[in-house]
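Worksheet for the structure shown next.
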Amino acid sequence: MNLSLLTLELGVIGLALALLLIDLWTPPALTGRLGLAAAIGLLLILALSWNMSGGPPVVGCGGMFARDGLALFFKRLFLAVGVLVVLMGVEYRERLALGFGEFNVILLIALAGMMFAASANDFVLLFVAMELMSVSFYVLVSFQRSRLPSLEAGVKYLILSALAAAFLVFGIALIFGVGNTTNFAALNAEGVRLAQDKLYWLGLLMVLLGLAFKIAAFPLQMWAPDVYQGAPTPVTALLAIGSKAAGFVLLLRVLFVAAPVLAAHWSKLLMLASAVTILYGNLCAIPQRNLKRLLGYSSIANAGYLLLGVAAVNASGAAAVLYYLAGYLFTLAAAFLVICVVMRDNEDIGALAGLSRRSPLLAGALALAMVSLAGVPPLAGFLGKFLLFRALIERGAAESPESFRSYWLAGVAVIGVVISLYYYFAVIRVMYWAKDPPDLSPIIVPARVQIPLAVCLVAMIYLGVMPGAVLAGATEAVKALKF
Amino acid sequence: MEPVFFYIFAGLTLLCGGLVIANPFTRNPVTSAMFLFLTILSMSGLFVLLHAFFLAAVQVLVYAGAVMVLFVFVIMLLDLKEEERRRMKLAAVVLGAVATGVIALAMIGAMRHSRVGLGLESNVAEGSTIALGKNLFANFALPFELVSLLLLVAMIGAVLLSKKDLR
């Protein structure tokens with residue numbers, strides 16, 4: 001086993017274990033510092049990841065672990081999410097009934113699971129990485145065990161995640177039974193022969209079902225609103241950004257590394273899933289009053305948009321998925337940071353009334369996040385959607401002229417975006433134009449929230465105005481995939 | 001002789017597995033647990049037929065031994081009367097049957113168009129402990145080590161969620 005391949009992962013795991021031990025000798029009053037230390041540690045590992053770029057793709061650890069541009073792109077994404085979520089956790093500290101030290105440890109291990117998922121080149125590593133994430137999330141979601149909604153969310157996540165994992169394992173067993181290997185590269189080498197076997201198709205379909213749970217796409221999207229609402233806010237943020245991105249990197253790897261032969265055939269299926277997911281997420285979000293629940297449905301809709309890029313089955317589609325996820329990271333992190341500070345016990349949208357006067361910074365940040373999610377130029381959300389649609393239209397142009405499937409799907413997605421304008425702007429309206437807000441006491445925003453919030457806002461605007469660097473990185477990263 | 005044993009063990013596995021989730025005679029969870037025990041035993045029989053003697057032994061020791069004891073222990077701690085009194089909802093039964101039917105149809109349909117088992121010779125050497133150990137510590141070392149991390153998270157989580165006094 002070549003350990004130098006695993007530098008970033010070992011760094012995160014080492015950080016987690018060190019925190020677990022240091023926590024034993026830290027007086028309770030100083031545990032907040034541990035969170036800051038974790039954030040700084042993650043920042044250092046993120047800086048280290050820039051040192052690793054370049055060089056040809058390497059596959060190591062028995063052909064299981066791939067270090068290529070795609071893996072590195074997603075690892076940076078996960079580390080950035082990690083920093084933001086750990087800082088969010090420091091802000092959330094008093095509301096966690098249990099040990100805050102262990103909270104950070106489990107959060108970091110979940111992060112390590114995501115980073116392993118980004119490099120998975122074998123179904124066995126894929127499964128273990130996914131379980132590492134899932135088991136960490138079972139604990140994290142039900143962390144506020146004295147709060148009934150948190151426990152309910154934990155049980156729901158546990159049962160539905162176990163169901164999805166059962167599908168995944170069944171699928172992997174079928175693939176192994178037909179192909180006699182679980183390695184992506186080996187499966188791809190035998191791709192044409194294996195594709196004649198319908199059991200192989202069924203196996204991959206079940207694997208896709210298992211992944212659909214992670215990205216909260218139809219038909220396994222039901223859990224998202226309940227779990228997002230019940231989980232502690234930093235955990236919701238990690239679920240919404242990290243877990244979804246991990247699901248997408250695995251989806252890209254399975255479809256375009258392990259089975260590019262089948263991926264072309266499944267464009268239709270992915271398009272259908274994408275259309276239903278977009279409509280379901282957007283239509284169900286309209287009546288929601290709880291902001292975290294609203295973001296849960298919005299996350300389903302966003303999974304649908306991201307699936308557009310996968311269903312396009314071309315390089316520009318995959319690059320658009322990567323770019324969109326980068327924009328989505330900072331947008332959602334900003335939204336959840338604001339929720340963390342403002343919504344202490346009341347998560348109803350009404351609690352935001354008068355926020356523009358209580359704290360212009362928080363109101364502006366949340367407004368900008370909502371505008372970006374709605375896809376209004378010049379923010380990151382707009383360009384992401386534009387790139388996804390463009391990839392889909394490219395696909396439509398490449399198909400036979402009688403087939404209007406891609407254009408239909410693009411139409412559905414545009415309808416979805418228009419619907420979403422309604423509920424995103426409802427949030428902004430409450431903040432700026434609510435009639436007689438009940439509470440107008442100013443909110444003091446601590447520096448540990450101000451700085452990450454400012455980073456998110458700058459990133460959101462930078463990605464929207466000057467997408468060149470990130471888009472070039474994404475285009476370079478998807479060269480690891482075959483179409 | 002092997003095919004006969006295969007059908008006996010496979011039939012027992014399916015029958016007992018079915019009785020775990022839907023027993024027409026009783027809804028007592030302990031009975032379900034006992035049928036799960038029988039399912040695991042007949043599955044270990046299938047492992048023996050595949051020459052995977054170590055896996056068969058582990059299956060009995062870990063699952064039928066340790067895990068089942070834990071299950072029965074948890075069932076004893078919970079309120080059984082509540083579970084027995086709960087009515088089955090017709091909609092749930094119908095939906096479950098439809099879902100099972102769809103998956104079964106997909107399986108059967110896929111099986112009919114596949115060539116499973118052709119060109120595979122039984123590999124006696126692969127079931128031995130030596131082969132298994134080599135696989136775990138050489139080819140699959142990374143996931144094997146990661147599972148230790150998984151167990152650590154599970155342990156921390158279990159302690160946190162069940163600890164009596166919160167710090």
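Following the order of the structure tokens, chains are lettered A, B, ..., residues in each are numbered from 1, and ligands are numbered from 1.
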
Proximity check chain B to chain A, 8 Å, nearest pairs one decimal Å, only C-alpha atoms, as a Markdown table:
```
| residue | atom | partner | partner_atom | distance |
| --- | --- | --- | --- | --- |
| B:Ala106 | CA | A:Leu202 | CA | 7.5 |
| B:Met107 | CA | A:Leu202 | CA | 7.5 |
| B:Ala110 | CA | A:Lys198 | CA | 4.8 |
| B:Met111 | CA | A:Leu199 | CA | 6.3 |
| B:His113 | CA | A:Lys198 | CA | 5.9 |
| B:Ser114 | CA | A:Asp197 | CA | 4.9 |
| B:Arg115 | CA | A:Asp197 | CA | 7.0 |
| B:Val116 | CA | A:Val178 | CA | 6.6 |
| B:Ala138 | CA | A:Gly62 | CA | 7.5 |
| B:Asn139 | CA | A:Gly62 | CA | 5.2 |
| B:Phe140 | CA | A:Gly62 | CA | 7.0 |
| B:Ala141 | CA | A:Met1 | CA | 7.5 |
| B:Leu142 | CA | A:Cys61 | CA | 6.6 |
| B:Pro143 | CA | A:Leu125 | CA | 5.5 |
| B:Leu146 | CA | A:Val128 | CA | 7.1 |
| B:Val147 | CA | A:Val128 | CA | 6.9 |
| B:Leu149 | CA | A:Leu132 | CA | 7.7 |
| B:Leu150 | CA | A:Leu132 | CA | 5.4 |
| B:Val153 | CA | A:Ser136 | CA | 6.3 |
| B:Ala154 | CA | A:Val135 | CA | 6.7 |
| B:Ile156 | CA | A:Glu102 | CA | 7.6 |
| B:Gly157 | CA | A:Val139 | CA | 5.4 |
| B:Leu160 | CA | A:Leu98 | CA | 7.0 |
| B:Leu161 | CA | A:Arg145 | CA | 6.9 |
| B:Leu166 | CA | A:Leu98 | CA | 5.9 |
| B:Arg167 | CA | A:Gly99 | CA | 6.3 |
```

Once DSSP has gone over the backbone, tell me which residues of range 322-423 of chain A are in alpha helix (DSSP H), as a PDB file with C-alpha atoms, in the first residue's frame.
```
ATOM      1  CA  LEU A 322     -18.208  20.115 -10.959  1.00  0.00           C
ATOM      2  CA  TYR A 323     -18.531  23.877 -11.430  1.00  0.00           C
ATOM      3  CA  TYR A 324     -22.118  23.889 -10.154  1.00  0.00           C
ATOM      4  CA  LEU A 325     -21.114  21.958  -7.033  1.00  0.00           C
ATOM      5  CA  ALA A 326     -18.341  24.484  -6.304  1.00  0.00           C
ATOM      6  CA  GLY A 327     -20.827  27.372  -6.555  1.00  0.00           C
ATOM      7  CA  TYR A 328     -23.449  25.448  -4.582  1.00  0.00           C
ATOM      8  CA  LEU A 329     -20.928  24.900  -1.762  1.00  0.00           C
ATOM      9  CA  PHE A 330     -20.400  28.593  -1.025  1.00  0.00           C
ATOM     10  CA  THR A 331     -24.041  29.522  -1.635  1.00  0.00           C
ATOM     11  CA  LEU A 332     -25.435  26.957   0.789  1.00  0.00           C
ATOM     12  CA  ALA A 333     -22.661  27.491   3.329  1.00  0.00           C
ATOM     13  CA  ALA A 334     -23.565  31.203   3.447  1.00  0.00           C
ATOM     14  CA  ALA A 335     -27.265  30.359   3.888  1.00  0.00           C
ATOM     15  CA  PHE A 336     -26.599  27.855   6.678  1.00  0.00           C
ATOM     16  CA  LEU A 337     -24.185  30.206   8.460  1.00  0.00           C
ATOM     17  CA  VAL A 338     -26.947  32.798   8.600  1.00  0.00           C
ATOM     18  CA  ILE A 339     -29.493  30.203   9.781  1.00  0.00           C
ATOM     19  CA  CYS A 340     -27.022  29.127  12.466  1.00  0.00           C
ATOM     20  CA  VAL A 341     -26.723  32.642  13.870  1.00  0.00           C
ATOM     21  CA  VAL A 342     -30.272  33.940  13.444  1.00  0.00           C
ATOM     22  CA  LEU A 355     -33.442  40.952   9.585  1.00  0.00           C
ATOM     23  CA  SER A 356     -32.350  43.728   7.221  1.00  0.00           C
ATOM     24  CA  ARG A 357     -32.543  46.150  10.149  1.00  0.00           C
ATOM     25  CA  ARG A 358     -31.232  43.739  12.815  1.00  0.00           C
ATOM     26  CA  PRO A 360     -27.604  44.143   7.316  1.00  0.00           C
ATOM     27  CA  LEU A 361     -24.659  41.759   6.813  1.00  0.00           C
ATOM     28  CA  LEU A 362     -26.655  38.599   7.600  1.00  0.00           C
ATOM     29  CA  ALA A 363     -29.681  39.774   5.609  1.00  0.00           C
ATOM     30  CA  GLY A 364     -27.495  40.664   2.651  1.00  0.00           C
ATOM     31  CA  ALA A 365     -25.690  37.320   2.789  1.00  0.00           C
ATOM     32  CA  LEU A 366     -28.892  35.280   2.930  1.00  0.00           C
ATOM     33  CA  ALA A 367     -30.453  37.395   0.181  1.00  0.00           C
ATOM     34  CA  LEU A 368     -27.410  36.888  -2.035  1.00  0.00           C
ATOM     35  CA  ALA A 369     -27.482  33.126  -1.353  1.00  0.00           C
ATOM     36  CA  MET A 370     -31.173  32.930  -2.283  1.00  0.00           C
ATOM     37  CA  VAL A 371     -30.598  34.974  -5.438  1.00  0.00           C
ATOM     38  CA  SER A 372     -27.729  32.663  -6.396  1.00  0.00           C
ATOM     39  CA  LEU A 373     -29.842  29.550  -5.721  1.00  0.00           C
ATOM     40  CA  ALA A 374     -32.625  31.020  -7.849  1.00  0.00           C
ATOM     41  CA  ALA A 380     -22.408  31.442  -9.256  1.00  0.00           C
ATOM     42  CA  GLY A 381     -25.828  29.760  -9.351  1.00  0.00           C
ATOM     43  CA  PHE A 382     -26.719  31.394 -12.649  1.00  0.00           C
ATOM     44  CA  LEU A 383     -23.572  30.394 -14.494  1.00  0.00           C
ATOM     45  CA  GLY A 384     -23.778  26.855 -13.109  1.00  0.00           C
ATOM     46  CA  LYS A 385     -27.295  26.406 -14.433  1.00  0.00           C
ATOM     47  CA  PHE A 386     -26.326  28.019 -17.727  1.00  0.00           C
ATOM     48  CA  LEU A 387     -23.437  25.560 -18.189  1.00  0.00           C
ATOM     49  CA  LEU A 388     -25.654  22.577 -17.327  1.00  0.00           C
ATOM     50  CA  PHE A 389     -28.302  23.693 -19.839  1.00  0.00           C
ATOM     51  CA  ARG A 390     -25.660  24.317 -22.489  1.00  0.00           C
ATOM     52  CA  ALA A 391     -24.264  20.794 -22.053  1.00  0.00           C
ATOM     53  CA  LEU A 392     -27.775  19.410 -22.445  1.00  0.00           C
ATOM     54  CA  ILE A 393     -28.400  21.412 -25.614  1.00  0.00           C
ATOM     55  CA  GLU A 394     -25.061  20.171 -26.968  1.00  0.00           C
ATOM     56  CA  ARG A 395     -26.298  16.655 -26.318  1.00  0.00           C
ATOM     57  CA  GLY A 396     -29.538  17.454 -28.126  1.00  0.00           C
ATOM     58  CA  ALA A 397     -27.629  18.740 -31.133  1.00  0.00           C
ATOM     59  CA  ALA A 398     -25.515  15.581 -31.231  1.00  0.00           C
ATOM     60  CA  ARG A 405     -35.698  14.600 -25.570  1.00  0.00           C
ATOM     61  CA  SER A 406     -32.905  16.938 -24.459  1.00  0.00           C
ATOM     62  CA  TYR A 407     -34.886  20.024 -25.428  1.00  0.00           C
ATOM     63  CA  TRP A 408     -37.936  18.770 -23.545  1.00  0.00           C
ATOM     64  CA  LEU A 409     -35.805  18.200 -20.455  1.00  0.00           C
ATOM     65  CA  ALA A 410     -34.245  21.656 -20.773  1.00  0.00           C
ATOM     66  CA  GLY A 411     -37.806  23.053 -20.948  1.00  0.00           C
ATOM     67  CA  VAL A 412     -38.792  21.200 -17.759  1.00  0.00           C
ATOM     68  CA  ALA A 413     -35.672  22.506 -16.015  1.00  0.00           C
ATOM     69  CA  VAL A 414     -36.461  26.096 -17.048  1.00  0.00           C
ATOM     70  CA  ILE A 415     -39.994  25.685 -15.677  1.00  0.00           C
ATOM     71  CA  GLY A 416     -38.432  24.404 -12.450  1.00  0.00           C
ATOM     72  CA  VAL A 417     -36.178  27.449 -12.218  1.00  0.00           C
ATOM     73  CA  VAL A 418     -39.138  29.779 -12.740  1.00  0.00           C
ATOM     74  CA  ILE A 419     -41.110  28.032  -9.980  1.00  0.00           C
ATOM     75  CA  SER A 420     -38.130  28.294  -7.652  1.00  0.00           C
ATOM     76  CA  LEU A 421     -37.987  32.082  -8.066  1.00  0.00           C
ATOM     77  CA  TYR A 422     -41.245  32.254  -6.117  1.00  0.00           C
ATOM     78  CA  TYR A 423     -40.099  30.555  -2.936  1.00  0.00           C
TER      79      TYR A 423
END
```

Report, in Å with one decimal, the straight-line distance from CA of Ser162 in chain B to CA of Val227 in chain A.
20.6 Å

Give me the residues within 12 Å of Ala472 in chain A as a VMD selection string, counting only C-alpha atoms and dropping any in the same chain fewer than 6 places off.
chain A and resid 69 73 316 319 to 320 322 to 323 463 466 478 to 479

For the selection you just gave me, I'd like the residues written to a file as a PDB file, in the first residue's frame, keeping C-alpha atoms.
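New file out_32.pdb:
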```pdb
ATOM      1  CA  GLY A  69      -7.653  15.548 -11.245  1.00  0.00           C
ATOM      2  CA  PHE A  73     -11.001  18.679  -7.306  1.00  0.00           C
ATOM      3  CA  SER A 316     -18.981  19.652 -20.830  1.00  0.00           C
ATOM      4  CA  ALA A 319     -17.452  19.801 -16.042  1.00  0.00           C
ATOM      5  CA  ALA A 320     -20.660  21.777 -15.487  1.00  0.00           C
ATOM      6  CA  LEU A 322     -18.208  20.115 -10.959  1.00  0.00           C
ATOM      7  CA  TYR A 323     -18.531  23.877 -11.430  1.00  0.00           C
ATOM      8  CA  LEU A 463     -17.337  32.288  -9.384  1.00  0.00           C
ATOM      9  CA  MET A 466     -14.786  35.238 -13.287  1.00  0.00           C
ATOM     10  CA  VAL A 478     -13.139  15.451 -16.038  1.00  0.00           C
ATOM     11  CA  LYS A 479     -10.413  14.228 -18.388  1.00  0.00           C
TER      12      LYS A 479
END
```

Using only C-alpha atoms, which residue out of B:Met34, B:Ser42, B:Met155, B:Asn28 lies closest to Leu14 in chain B?
B:Ser42

Quick one: pull the distance between CA of Leu77 in chain B and CA of Val30 in chain B, Å, one decimal.
11.7 Å

10 Å contact set for Leu42 in chain A, only C-alpha atoms, chain neighbours under 4 positions out, as an mmCIF file with C-alpha atoms, in the first residue's frame:
```cif
data_model
loop_
_atom_site.group_PDB
_atom_site.id
_atom_site.type_symbol
_atom_site.label_atom_id
_atom_site.label_comp_id
_atom_site.auth_asym_id
_atom_site.auth_seq_id
_atom_site.Cartn_x
_atom_site.Cartn_y
_atom_site.Cartn_z
ATOM 1 C CA LEU A 8 -4.662 14.186 2.511
ATOM 2 C CA GLY A 11 -4.049 14.112 7.497
ATOM 3 C CA VAL A 12 -7.780 14.366 8.150
ATOM 4 C CA LEU A 15 -6.481 15.341 12.929
ATOM 5 C CA LEU A 36 -11.064 26.446 15.752
ATOM 6 C CA ALA A 37 -7.987 24.175 15.844
ATOM 7 C CA ALA A 38 -9.824 21.645 13.680
ATOM 8 C CA LEU A 46 -6.379 22.234 2.002
ATOM 9 C CA ALA A 47 -3.234 24.301 1.401
ATOM 10 C CA LEU A 48 -1.241 21.066 1.154
ATOM 11 C CA PHE A 78 -14.741 18.569 0.730
ATOM 12 C CA LEU A 79 -11.943 20.238 2.703
ATOM 13 C CA ALA A 80 -13.468 23.668 2.040
ATOM 14 C CA VAL A 81 -16.872 22.374 3.199
ATOM 15 C CA GLY A 82 -15.135 20.906 6.240
ATOM 16 C CA VAL A 83 -13.602 24.228 7.268
ATOM 17 C CA LEU A 84 -16.922 26.069 6.901
ATOM 18 C CA VAL A 86 -16.491 23.139 11.616
ATOM 19 C CA LEU A 108 -13.877 14.873 10.398
#
```

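Nearest to Pro438 in chain A of all the residues A:Ala351, A:Ala285, A:Ser298, A:Ala459 is A:Ala351, counting only C-alpha atoms.
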
Atom-to-atom span, CA of Gly32 in chain A and CA of Lys163 in chain B, Å
21.7 Å

Considering only C-alpha atoms, return as a ChimeraX atom specification whatever protein or nucleic-acid residues lie within 9 Å of Phe9 in chain B, sequence-local ones (same chain, fewer than 4 positions apart) excluded.
/B:4-5,13-14,41-46
